[in-house]
Amino acid sequence: MSSDTDTPIRRDAGRVPGAARAFSRQLPYDLLAQIRNPAAAFFSLGLPLIFLVTFTVIGAGGDDSAVYYAPATMAIAVVSGTLSNIAITLVYLREYGLLKRLQLMPVSRSALLGSRVAASGVLSLCGVVLLGVYAAAVHGAVPAQPATVVAAVLLLLLTGSALGLALTVVIPGESAAGPIANAVALPLLMISGGFFPLDSSPDWVRTLAAVLPIGSSLDAAVAGYDGSAVFGDLAAAALASGAWVAAASVLVALRFRWVPRHRR
């Protein structure tokens, strides 16, 4: 007759993993899904590089124009990879009932959702690195104040992710996700200087860009590239980003939906 010590008992059997452990386990799979998604990879990696090549080729400043367009296209990569990608992806997952299934899993929902958001952010950062390497190798454009550029990019990443989550609240279905996300992202990038400098723009345009979610961060990134950044640039960017992230977070906390809006 066997004793109780003959069969070892796994004390961790059935134990629900914590949020941090669930996040770390899920992130590689979500990142792989992002990489294998042609649309996400193109809009985060390919399209911003096409913009940078086009802008520097047709720009009157030649290689000098890369000092502006390198950080500007980095902003395009981050906004496309976070705001647009997160909004489109999560609305699709919501409407097809995949987000609802997360509620049935014995792990933290916030960890699983955060993993998907983080995967989009990592892919965006890969696009930023690609643009930086191209600008340095082809045009000799390297940031004079790299710490400022890194901080500005991280602010753009945080703001774009928060806005992407908030945008899911107002998107009614997956068929409207792409048009609505692009209708928000493209004008936001244009008026913030993502496609052209705002030096000759009216004062009200520059004032509006400063209070919009990405305008101040983009300006800080450009100033970091040309070496003219001061502490006030990052402070203004952090203040604008913080206000928009706080507003988006409140909206997400109150109105984010895990279940489809329409029955299938």
# chains A, B, ... in the order shown; residues from 1 in each chain; ligands from 1
call {"tool": "residues_around", "arguments": {"residues": "segment 113-129 of chain A", "least_positions_apart": "4", "cutoff": "7 Å", "atoms": "only C-alpha atoms", "output": "ChimeraX atom specification"}}
result
/A:23,26-27,30-31,34,44-45,74,77-78,81-82,86,109,133,157,161
call {"tool": "residues_around", "arguments": {"residues": "segment 218-231 of chain A", "least_positions_apart": "5", "cutoff": "8 Å", "atoms": "only C-alpha atoms", "output": "list in words"}}
result
Val67, Tyr68, Pro71, Ala72, Ala75, Ala141, Val142, Pro143, Ala144, Gln145, Pro146, Ala147, Thr148, Val149, Val150, Ala152, Val153, Leu156, Ser192, Gly193, Gly194 and Ala237 of chain A
call {"tool": "select_by_dssp", "arguments": {"residues": "segment 59-203 of chain A", "states": "helix (DSSP H, G or I)", "output": "short mmCIF file (atom, residue, chain, number, x, y, z; two decimals) with N, CA, C and O atoms, in the first residue's frame"}}
result
data_model
loop_
_atom_site.label_atom_id
_atom_site.label_comp_id
_atom_site.auth_asym_id
_atom_site.auth_seq_id
_atom_site.Cartn_x
_atom_site.Cartn_y
_atom_site.Cartn_z
N GLY A 62 17.11 68.69 -49.53
CA GLY A 62 17.99 67.54 -49.72
C GLY A 62 18.19 66.78 -48.43
O GLY A 62 17.25 66.49 -47.71
N ASP A 63 19.48 66.47 -48.15
CA ASP A 63 19.78 65.73 -46.93
C ASP A 63 19.38 66.50 -45.68
O ASP A 63 19.05 65.91 -44.65
N ASP A 64 19.42 67.83 -45.75
CA ASP A 64 19.05 68.63 -44.57
C ASP A 64 17.59 68.44 -44.19
O ASP A 64 17.22 68.58 -43.02
N SER A 65 16.75 68.13 -45.16
CA SER A 65 15.34 67.95 -44.85
C SER A 65 15.10 66.71 -44.00
O SER A 65 14.07 66.60 -43.33
N ALA A 66 16.06 65.76 -44.00
CA ALA A 66 15.90 64.55 -43.19
C ALA A 66 15.92 64.86 -41.70
O ALA A 66 15.37 64.09 -40.91
N VAL A 67 16.53 65.96 -41.32
CA VAL A 67 16.54 66.34 -39.90
C VAL A 67 15.13 66.62 -39.41
O VAL A 67 14.82 66.39 -38.24
N TYR A 68 14.29 67.09 -40.30
CA TYR A 68 12.88 67.29 -39.93
C TYR A 68 12.05 66.04 -40.21
O TYR A 68 11.26 65.60 -39.35
N TYR A 69 12.20 65.48 -41.38
CA TYR A 69 11.30 64.41 -41.78
C TYR A 69 11.59 63.07 -41.09
O TYR A 69 10.70 62.22 -41.03
N ALA A 70 12.78 62.87 -40.58
CA ALA A 70 13.04 61.65 -39.82
C ALA A 70 12.16 61.57 -38.57
O ALA A 70 11.43 60.60 -38.38
N PRO A 71 12.19 62.59 -37.69
CA PRO A 71 11.29 62.53 -36.53
C PRO A 71 9.82 62.66 -36.91
O PRO A 71 8.95 62.10 -36.24
N ALA A 72 9.51 63.38 -37.99
CA ALA A 72 8.12 63.52 -38.41
C ALA A 72 7.54 62.18 -38.84
O ALA A 72 6.42 61.82 -38.48
N THR A 73 8.32 61.42 -39.63
CA THR A 73 7.83 60.10 -40.05
C THR A 73 7.86 59.10 -38.90
O THR A 73 7.11 58.13 -38.90
N MET A 74 8.70 59.33 -37.89
CA MET A 74 8.63 58.50 -36.68
C MET A 74 7.28 58.69 -36.00
O MET A 74 6.68 57.72 -35.51
N ALA A 75 6.80 59.92 -35.99
CA ALA A 75 5.47 60.18 -35.42
C ALA A 75 4.40 59.47 -36.23
O ALA A 75 3.43 58.93 -35.67
N ILE A 76 4.55 59.48 -37.56
CA ILE A 76 3.59 58.77 -38.41
C ILE A 76 3.60 57.27 -38.09
O ILE A 76 2.54 56.63 -37.98
N ALA A 77 4.80 56.70 -37.92
CA ALA A 77 4.91 55.28 -37.60
C ALA A 77 4.24 54.94 -36.27
O ALA A 77 3.53 53.93 -36.15
N VAL A 78 4.45 55.79 -35.29
CA VAL A 78 3.88 55.53 -33.97
C VAL A 78 2.37 55.67 -33.98
O VAL A 78 1.64 54.83 -33.44
N VAL A 79 1.86 56.73 -34.61
CA VAL A 79 0.41 56.93 -34.65
C VAL A 79 -0.26 55.83 -35.46
O VAL A 79 -1.32 55.32 -35.07
N SER A 80 0.33 55.45 -36.58
CA SER A 80 -0.25 54.36 -37.38
C SER A 80 -0.21 53.04 -36.64
O SER A 80 -1.16 52.25 -36.67
N GLY A 81 0.89 52.79 -35.94
CA GLY A 81 1.05 51.52 -35.26
C GLY A 81 0.30 51.40 -33.95
O GLY A 81 0.09 50.29 -33.46
N THR A 82 -0.07 52.53 -33.36
CA THR A 82 -0.80 52.49 -32.09
C THR A 82 -2.25 52.91 -32.28
O THR A 82 -3.15 52.08 -32.23
N LEU A 83 -2.48 54.16 -32.51
CA LEU A 83 -3.85 54.67 -32.60
C LEU A 83 -4.67 53.90 -33.63
O LEU A 83 -5.72 53.33 -33.32
N SER A 84 -4.20 53.85 -34.87
CA SER A 84 -4.97 53.19 -35.92
C SER A 84 -5.00 51.68 -35.73
O SER A 84 -6.06 51.04 -35.80
N ASN A 85 -3.84 51.09 -35.48
CA ASN A 85 -3.75 49.63 -35.38
C ASN A 85 -4.55 49.11 -34.19
O ASN A 85 -5.29 48.12 -34.31
N ILE A 86 -4.42 49.74 -33.04
CA ILE A 86 -5.14 49.28 -31.84
C ILE A 86 -6.64 49.42 -32.03
O ILE A 86 -7.41 48.51 -31.70
N ALA A 87 -7.08 50.57 -32.55
CA ALA A 87 -8.51 50.77 -32.73
C ALA A 87 -9.11 49.74 -33.69
O ALA A 87 -10.14 49.12 -33.39
N ILE A 88 -8.45 49.53 -34.82
CA ILE A 88 -8.98 48.59 -35.82
C ILE A 88 -8.96 47.16 -35.28
O ILE A 88 -9.94 46.42 -35.40
N THR A 89 -7.85 46.77 -34.67
CA THR A 89 -7.70 45.40 -34.19
C THR A 89 -8.69 45.07 -33.08
O THR A 89 -9.36 44.03 -33.10
N LEU A 90 -8.80 45.95 -32.10
CA LEU A 90 -9.66 45.65 -30.96
C LEU A 90 -11.14 45.68 -31.33
O LEU A 90 -11.93 44.90 -30.79
N VAL A 91 -11.53 46.57 -32.25
CA VAL A 91 -12.92 46.55 -32.69
C VAL A 91 -13.22 45.25 -33.43
O VAL A 91 -14.29 44.65 -33.24
N TYR A 92 -12.31 44.80 -34.24
CA TYR A 92 -12.50 43.51 -34.93
C TYR A 92 -12.63 42.39 -33.91
O TYR A 92 -13.55 41.55 -34.02
N LEU A 93 -11.75 42.34 -32.94
CA LEU A 93 -11.81 41.29 -31.92
C LEU A 93 -13.07 41.38 -31.09
O LEU A 93 -13.66 40.36 -30.71
N ARG A 94 -13.52 42.59 -30.84
CA ARG A 94 -14.75 42.76 -30.06
C ARG A 94 -15.96 42.27 -30.83
O ARG A 94 -16.79 41.52 -30.30
N GLU A 95 -16.07 42.68 -32.08
CA GLU A 95 -17.28 42.35 -32.85
C GLU A 95 -17.37 40.87 -33.20
O GLU A 95 -18.45 40.36 -33.44
N LEU A 98 -14.13 37.76 -29.74
CA LEU A 98 -12.87 37.29 -29.18
C LEU A 98 -12.53 38.01 -27.88
O LEU A 98 -11.92 37.41 -26.98
N LEU A 99 -12.89 39.28 -27.77
CA LEU A 99 -12.68 39.98 -26.50
C LEU A 99 -13.59 39.41 -25.41
O LEU A 99 -13.19 39.32 -24.24
N LYS A 100 -14.78 39.04 -25.78
CA LYS A 100 -15.72 38.46 -24.81
C LYS A 100 -15.15 37.18 -24.22
O LYS A 100 -15.36 36.87 -23.04
N ARG A 101 -14.44 36.41 -25.03
CA ARG A 101 -13.86 35.16 -24.53
C ARG A 101 -12.79 35.41 -23.47
O ARG A 101 -12.56 34.54 -22.62
N LEU A 102 -12.13 36.57 -23.54
CA LEU A 102 -11.13 36.87 -22.53
C LEU A 102 -11.73 36.93 -21.14
O LEU A 102 -11.05 36.67 -20.14
N ARG A 109 -7.88 40.07 -17.27
CA ARG A 109 -8.26 40.62 -18.57
C ARG A 109 -7.38 41.79 -18.96
O ARG A 109 -7.03 41.98 -20.12
N SER A 110 -7.03 42.61 -17.96
CA SER A 110 -6.19 43.78 -18.26
C SER A 110 -4.81 43.36 -18.75
O SER A 110 -4.22 44.04 -19.60
N ALA A 111 -4.30 42.21 -18.25
CA ALA A 111 -3.00 41.73 -18.72
C ALA A 111 -3.06 41.30 -20.17
O ALA A 111 -2.17 41.59 -20.97
N LEU A 112 -4.13 40.59 -20.54
CA LEU A 112 -4.28 40.14 -21.92
C LEU A 112 -4.51 41.30 -22.87
O LEU A 112 -3.95 41.34 -23.97
N LEU A 113 -5.33 42.25 -22.45
CA LEU A 113 -5.56 43.42 -23.28
C LEU A 113 -4.29 44.27 -23.37
O LEU A 113 -3.94 44.77 -24.45
N GLY A 114 -3.60 44.42 -22.25
CA GLY A 114 -2.36 45.18 -22.26
C GLY A 114 -1.30 44.55 -23.14
O GLY A 114 -0.49 45.25 -23.76
N SER A 115 -1.31 43.23 -23.24
CA SER A 115 -0.35 42.55 -24.11
C SER A 115 -0.58 42.90 -25.57
O SER A 115 0.37 43.13 -26.32
N ARG A 116 -1.84 42.96 -25.97
CA ARG A 116 -2.14 43.33 -27.36
C ARG A 116 -1.72 44.78 -27.64
O ARG A 116 -1.18 45.08 -28.71
N VAL A 117 -1.96 45.66 -26.69
CA VAL A 117 -1.57 47.06 -26.86
C VAL A 117 -0.05 47.18 -26.89
O VAL A 117 0.51 47.91 -27.72
N ALA A 118 0.63 46.46 -26.00
CA ALA A 118 2.09 46.52 -25.97
C ALA A 118 2.71 45.97 -27.24
O ALA A 118 3.72 46.48 -27.72
N ALA A 119 2.11 44.92 -27.81
CA ALA A 119 2.64 44.36 -29.06
C ALA A 119 2.58 45.39 -30.19
O ALA A 119 3.51 45.50 -30.99
N SER A 120 1.49 46.15 -30.24
CA SER A 120 1.41 47.22 -31.24
C SER A 120 2.48 48.28 -31.01
O SER A 120 3.07 48.81 -31.95
N GLY A 121 2.73 48.58 -29.73
CA GLY A 121 3.76 49.56 -29.42
C GLY A 121 5.15 49.09 -29.80
O GLY A 121 5.96 49.86 -30.32
N VAL A 122 5.44 47.81 -29.56
CA VAL A 122 6.76 47.26 -29.92
C VAL A 122 6.96 47.31 -31.43
O VAL A 122 8.04 47.68 -31.92
N LEU A 123 5.92 46.97 -32.18
CA LEU A 123 6.03 47.03 -33.64
C LEU A 123 6.26 48.47 -34.11
O LEU A 123 7.04 48.72 -35.03
N SER A 124 5.60 49.42 -33.46
CA SER A 124 5.81 50.84 -33.78
C SER A 124 7.24 51.26 -33.51
O SER A 124 7.85 51.99 -34.30
N LEU A 125 7.80 50.81 -32.39
CA LEU A 125 9.18 51.15 -32.06
C LEU A 125 10.16 50.55 -33.07
O LEU A 125 11.19 51.16 -33.38
N CYS A 126 9.83 49.37 -33.60
CA CYS A 126 10.66 48.81 -34.66
C CYS A 126 10.66 49.71 -35.89
O CYS A 126 11.69 49.90 -36.54
N GLY A 127 9.48 50.28 -36.20
CA GLY A 127 9.41 51.23 -37.30
C GLY A 127 10.24 52.47 -37.04
O GLY A 127 10.90 53.00 -37.94
N VAL A 128 10.22 52.96 -35.80
CA VAL A 128 11.02 54.13 -35.43
C VAL A 128 12.51 53.85 -35.61
O VAL A 128 13.26 54.67 -36.15
N VAL A 129 12.95 52.69 -35.16
CA VAL A 129 14.36 52.32 -35.31
C VAL A 129 14.74 52.21 -36.79
O VAL A 129 15.81 52.69 -37.21
N LEU A 130 13.87 51.62 -37.59
CA LEU A 130 14.13 51.49 -39.02
C LEU A 130 14.29 52.87 -39.67
O LEU A 130 15.22 53.09 -40.47
N LEU A 131 13.42 53.80 -39.32
CA LEU A 131 13.51 55.15 -39.87
C LEU A 131 14.78 55.85 -39.42
O LEU A 131 15.44 56.55 -40.21
N GLY A 132 15.14 55.68 -38.15
CA GLY A 132 16.36 56.31 -37.65
C GLY A 132 17.60 55.78 -38.33
O GLY A 132 18.51 56.55 -38.67
N VAL A 133 17.64 54.46 -38.55
CA VAL A 133 18.79 53.85 -39.21
C VAL A 133 18.89 54.34 -40.66
O VAL A 133 19.98 54.67 -41.15
N TYR A 134 17.75 54.39 -41.35
CA TYR A 134 17.76 54.85 -42.74
C TYR A 134 18.22 56.31 -42.82
O TYR A 134 19.06 56.66 -43.67
N ALA A 135 17.68 57.17 -41.96
CA ALA A 135 18.06 58.59 -42.00
C ALA A 135 19.54 58.78 -41.73
O ALA A 135 20.20 59.62 -42.35
N ALA A 136 20.09 58.00 -40.80
CA ALA A 136 21.51 58.13 -40.47
C ALA A 136 22.38 57.57 -41.58
O ALA A 136 23.41 58.18 -41.95
N ALA A 137 22.00 56.42 -42.15
CA ALA A 137 22.84 55.77 -43.15
C ALA A 137 22.81 56.48 -44.49
O ALA A 137 23.85 56.59 -45.17
N VAL A 138 21.64 56.97 -44.89
CA VAL A 138 21.49 57.55 -46.23
C VAL A 138 21.73 59.06 -46.22
O VAL A 138 22.36 59.61 -47.13
N HIS A 139 21.24 59.74 -45.20
CA HIS A 139 21.30 61.20 -45.18
C HIS A 139 22.22 61.76 -44.10
O HIS A 139 22.39 62.98 -44.02
N PRO A 146 19.70 62.83 -28.46
CA PRO A 146 18.95 61.58 -28.57
C PRO A 146 18.01 61.31 -27.40
O PRO A 146 16.95 60.71 -27.59
N ALA A 147 18.37 61.74 -26.20
CA ALA A 147 17.49 61.51 -25.06
C ALA A 147 16.15 62.22 -25.24
O ALA A 147 15.10 61.68 -24.87
N THR A 148 16.19 63.40 -25.81
CA THR A 148 14.95 64.14 -26.06
C THR A 148 14.10 63.42 -27.09
O THR A 148 12.87 63.34 -26.95
N VAL A 149 14.73 62.92 -28.14
CA VAL A 149 13.99 62.20 -29.18
C VAL A 149 13.34 60.94 -28.59
O VAL A 149 12.17 60.64 -28.86
N VAL A 150 14.09 60.20 -27.79
CA VAL A 150 13.55 58.98 -27.18
C VAL A 150 12.36 59.32 -26.28
O VAL A 150 11.31 58.65 -26.32
N ALA A 151 12.50 60.36 -25.46
CA ALA A 151 11.40 60.75 -24.57
C ALA A 151 10.17 61.17 -25.37
O ALA A 151 9.04 60.82 -25.01
N ALA A 152 10.38 61.92 -26.45
CA ALA A 152 9.26 62.36 -27.27
C ALA A 152 8.56 61.18 -27.94
O ALA A 152 7.33 61.13 -28.01
N VAL A 153 9.33 60.22 -28.42
CA VAL A 153 8.75 59.03 -29.05
C VAL A 153 7.94 58.23 -28.04
O VAL A 153 6.84 57.73 -28.34
N LEU A 154 8.44 58.10 -26.81
CA LEU A 154 7.70 57.37 -25.79
C LEU A 154 6.39 58.09 -25.43
O LEU A 154 5.37 57.43 -25.16
N LEU A 155 6.41 59.42 -25.42
CA LEU A 155 5.17 60.16 -25.18
C LEU A 155 4.18 59.93 -26.32
O LEU A 155 2.97 59.76 -26.08
N LEU A 156 4.67 59.93 -27.55
CA LEU A 156 3.81 59.63 -28.69
C LEU A 156 3.23 58.22 -28.58
O LEU A 156 2.05 58.00 -28.88
N LEU A 157 4.05 57.28 -28.15
CA LEU A 157 3.60 55.90 -28.00
C LEU A 157 2.50 55.79 -26.96
O LEU A 157 1.47 55.14 -27.18
N LEU A 158 2.70 56.44 -25.82
CA LEU A 158 1.70 56.39 -24.75
C LEU A 158 0.40 57.06 -25.18
O LEU A 158 -0.70 56.52 -24.97
N THR A 159 0.51 58.21 -25.83
CA THR A 159 -0.67 58.94 -26.25
C THR A 159 -1.43 58.18 -27.34
O THR A 159 -2.66 58.06 -27.29
N GLY A 160 -0.70 57.67 -28.34
CA GLY A 160 -1.35 56.93 -29.41
C GLY A 160 -2.05 55.69 -28.91
O GLY A 160 -3.16 55.37 -29.37
N SER A 161 -1.46 54.99 -27.95
CA SER A 161 -2.08 53.78 -27.41
C SER A 161 -3.37 54.13 -26.67
O SER A 161 -4.39 53.45 -26.82
N ALA A 162 -3.32 55.18 -25.86
CA ALA A 162 -4.52 55.59 -25.11
C ALA A 162 -5.63 56.03 -26.05
O ALA A 162 -6.81 55.67 -25.85
N LEU A 163 -5.28 56.78 -27.07
CA LEU A 163 -6.30 57.24 -28.03
C LEU A 163 -6.87 56.08 -28.84
O LEU A 163 -8.05 56.07 -29.18
N GLY A 164 -6.02 55.10 -29.17
CA GLY A 164 -6.51 53.93 -29.89
C GLY A 164 -7.54 53.16 -29.08
O GLY A 164 -8.58 52.74 -29.61
N LEU A 165 -7.29 53.00 -27.78
CA LEU A 165 -8.27 52.34 -26.91
C LEU A 165 -9.54 53.16 -26.81
O LEU A 165 -10.65 52.62 -26.86
N ALA A 166 -9.39 54.48 -26.66
CA ALA A 166 -10.57 55.33 -26.53
C ALA A 166 -11.40 55.35 -27.81
O ALA A 166 -12.63 55.44 -27.76
N LEU A 167 -10.74 55.22 -28.94
CA LEU A 167 -11.46 55.28 -30.21
C LEU A 167 -12.37 54.07 -30.40
O LEU A 167 -13.38 54.16 -31.11
N THR A 168 -12.04 52.95 -29.76
CA THR A 168 -12.92 51.78 -29.87
C THR A 168 -14.30 52.05 -29.29
O THR A 168 -15.27 51.37 -29.65
N VAL A 169 -14.39 53.01 -28.39
CA VAL A 169 -15.67 53.32 -27.75
C VAL A 169 -16.67 53.89 -28.76
O VAL A 169 -17.87 53.63 -28.68
N VAL A 170 -16.17 54.67 -29.72
CA VAL A 170 -17.07 55.36 -30.64
C VAL A 170 -17.20 54.65 -31.98
O VAL A 170 -18.02 55.07 -32.81
N GLU A 174 -16.77 46.63 -37.09
CA GLU A 174 -15.47 46.41 -37.74
C GLU A 174 -15.39 47.04 -39.12
O GLU A 174 -14.31 47.43 -39.57
N SER A 175 -16.51 47.16 -39.81
CA SER A 175 -16.48 47.76 -41.15
C SER A 175 -16.19 49.25 -41.10
O SER A 175 -15.69 49.82 -42.08
N ALA A 176 -16.49 49.88 -39.98
CA ALA A 176 -16.24 51.32 -39.83
C ALA A 176 -14.92 51.61 -39.15
O ALA A 176 -14.52 52.78 -39.06
N ALA A 177 -14.22 50.58 -38.66
CA ALA A 177 -13.02 50.80 -37.87
C ALA A 177 -11.92 51.49 -38.68
O ALA A 177 -11.33 52.48 -38.24
N GLY A 178 -11.63 50.95 -39.87
CA GLY A 178 -10.58 51.54 -40.69
C GLY A 178 -10.86 52.97 -41.11
O GLY A 178 -10.02 53.85 -40.91
N PRO A 179 -12.04 53.24 -41.69
CA PRO A 179 -12.33 54.63 -42.09
C PRO A 179 -12.30 55.62 -40.93
O PRO A 179 -11.76 56.73 -41.06
N ILE A 180 -12.88 55.25 -39.78
CA ILE A 180 -12.90 56.18 -38.65
C ILE A 180 -11.51 56.39 -38.09
O ILE A 180 -11.11 57.52 -37.78
N ALA A 181 -10.74 55.31 -37.94
CA ALA A 181 -9.38 55.44 -37.41
C ALA A 181 -8.52 56.33 -38.31
O ALA A 181 -7.78 57.21 -37.83
N ASN A 182 -8.61 56.14 -39.63
CA ASN A 182 -7.84 56.97 -40.55
C ASN A 182 -8.36 58.40 -40.60
O ASN A 182 -7.57 59.34 -40.79
N ALA A 183 -9.68 58.57 -40.44
CA ALA A 183 -10.25 59.91 -40.44
C ALA A 183 -9.79 60.72 -39.23
O ALA A 183 -9.78 61.95 -39.27
N VAL A 184 -9.41 60.03 -38.17
CA VAL A 184 -8.87 60.71 -36.99
C VAL A 184 -7.36 60.89 -37.12
O VAL A 184 -6.83 61.97 -36.86
N ALA A 185 -6.66 59.84 -37.52
CA ALA A 185 -5.20 59.86 -37.51
C ALA A 185 -4.61 60.79 -38.57
O ALA A 185 -3.68 61.56 -38.28
N LEU A 186 -5.12 60.74 -39.79
CA LEU A 186 -4.52 61.53 -40.88
C LEU A 186 -4.64 63.04 -40.66
O LEU A 186 -3.63 63.75 -40.75
N PRO A 187 -5.84 63.58 -40.36
CA PRO A 187 -5.89 65.02 -40.08
C PRO A 187 -5.07 65.42 -38.87
O PRO A 187 -4.47 66.50 -38.84
N LEU A 188 -5.02 64.54 -37.87
CA LEU A 188 -4.23 64.82 -36.68
C LEU A 188 -2.75 64.94 -37.03
O LEU A 188 -2.05 65.85 -36.55
N LEU A 189 -2.27 64.06 -37.87
CA LEU A 189 -0.87 64.12 -38.29
C LEU A 189 -0.61 65.34 -39.17
O LEU A 189 0.44 65.99 -39.05
N MET A 190 -1.55 65.65 -40.05
CA MET A 190 -1.36 66.79 -40.94
C MET A 190 -1.26 68.10 -40.17
O MET A 190 -0.34 68.90 -40.37
N ILE A 191 -2.20 68.32 -39.27
CA ILE A 191 -2.24 69.61 -38.57
C ILE A 191 -1.16 69.69 -37.50
O ILE A 191 -0.87 70.78 -37.00
N SER A 192 -0.56 68.55 -37.16
CA SER A 192 0.51 68.55 -36.16
C SER A 192 1.89 68.64 -36.79
O SER A 192 2.90 68.69 -36.07
N ASP A 203 -0.82 81.43 -37.24
CA ASP A 203 -0.57 81.24 -35.81
C ASP A 203 -1.60 80.32 -35.17
O ASP A 203 -1.26 79.53 -34.29
#
call {"tool": "residues_around", "arguments": {"residues": "Ala240 of chain A", "least_positions_apart": "5", "cutoff": "8 Å", "atoms": "only C-alpha atoms", "output": "PDB file with N, CA and C atoms, in the first residue's frame"}}
result
ATOM      1  N   ALA A 210      -0.284  72.660 -30.957  1.00  0.00           N
ATOM      2  CA  ALA A 210       0.364  72.541 -29.652  1.00  0.00           C
ATOM      3  C   ALA A 210      -0.527  71.886 -28.612  1.00  0.00           C
ATOM      4  N   VAL A 211      -1.834  72.031 -28.760  1.00  0.00           N
ATOM      5  CA  VAL A 211      -2.747  71.454 -27.769  1.00  0.00           C
ATOM      6  C   VAL A 211      -3.329  70.120 -28.221  1.00  0.00           C
ATOM      7  N   LEU A 212      -3.079  69.730 -29.452  1.00  0.00           N
ATOM      8  CA  LEU A 212      -3.543  68.431 -29.925  1.00  0.00           C
ATOM      9  C   LEU A 212      -2.655  67.315 -29.353  1.00  0.00           C
ATOM     10  N   PRO A 213      -3.089  66.062 -29.421  1.00  0.00           N
ATOM     11  CA  PRO A 213      -2.371  64.991 -28.716  1.00  0.00           C
ATOM     12  C   PRO A 213      -0.912  64.810 -29.101  1.00  0.00           C
ATOM     13  N   SER A 216       2.876  68.669 -29.727  1.00  0.00           N
ATOM     14  CA  SER A 216       4.001  69.067 -28.875  1.00  0.00           C
ATOM     15  C   SER A 216       5.085  68.000 -28.837  1.00  0.00           C
TER      16      SER A 216
END
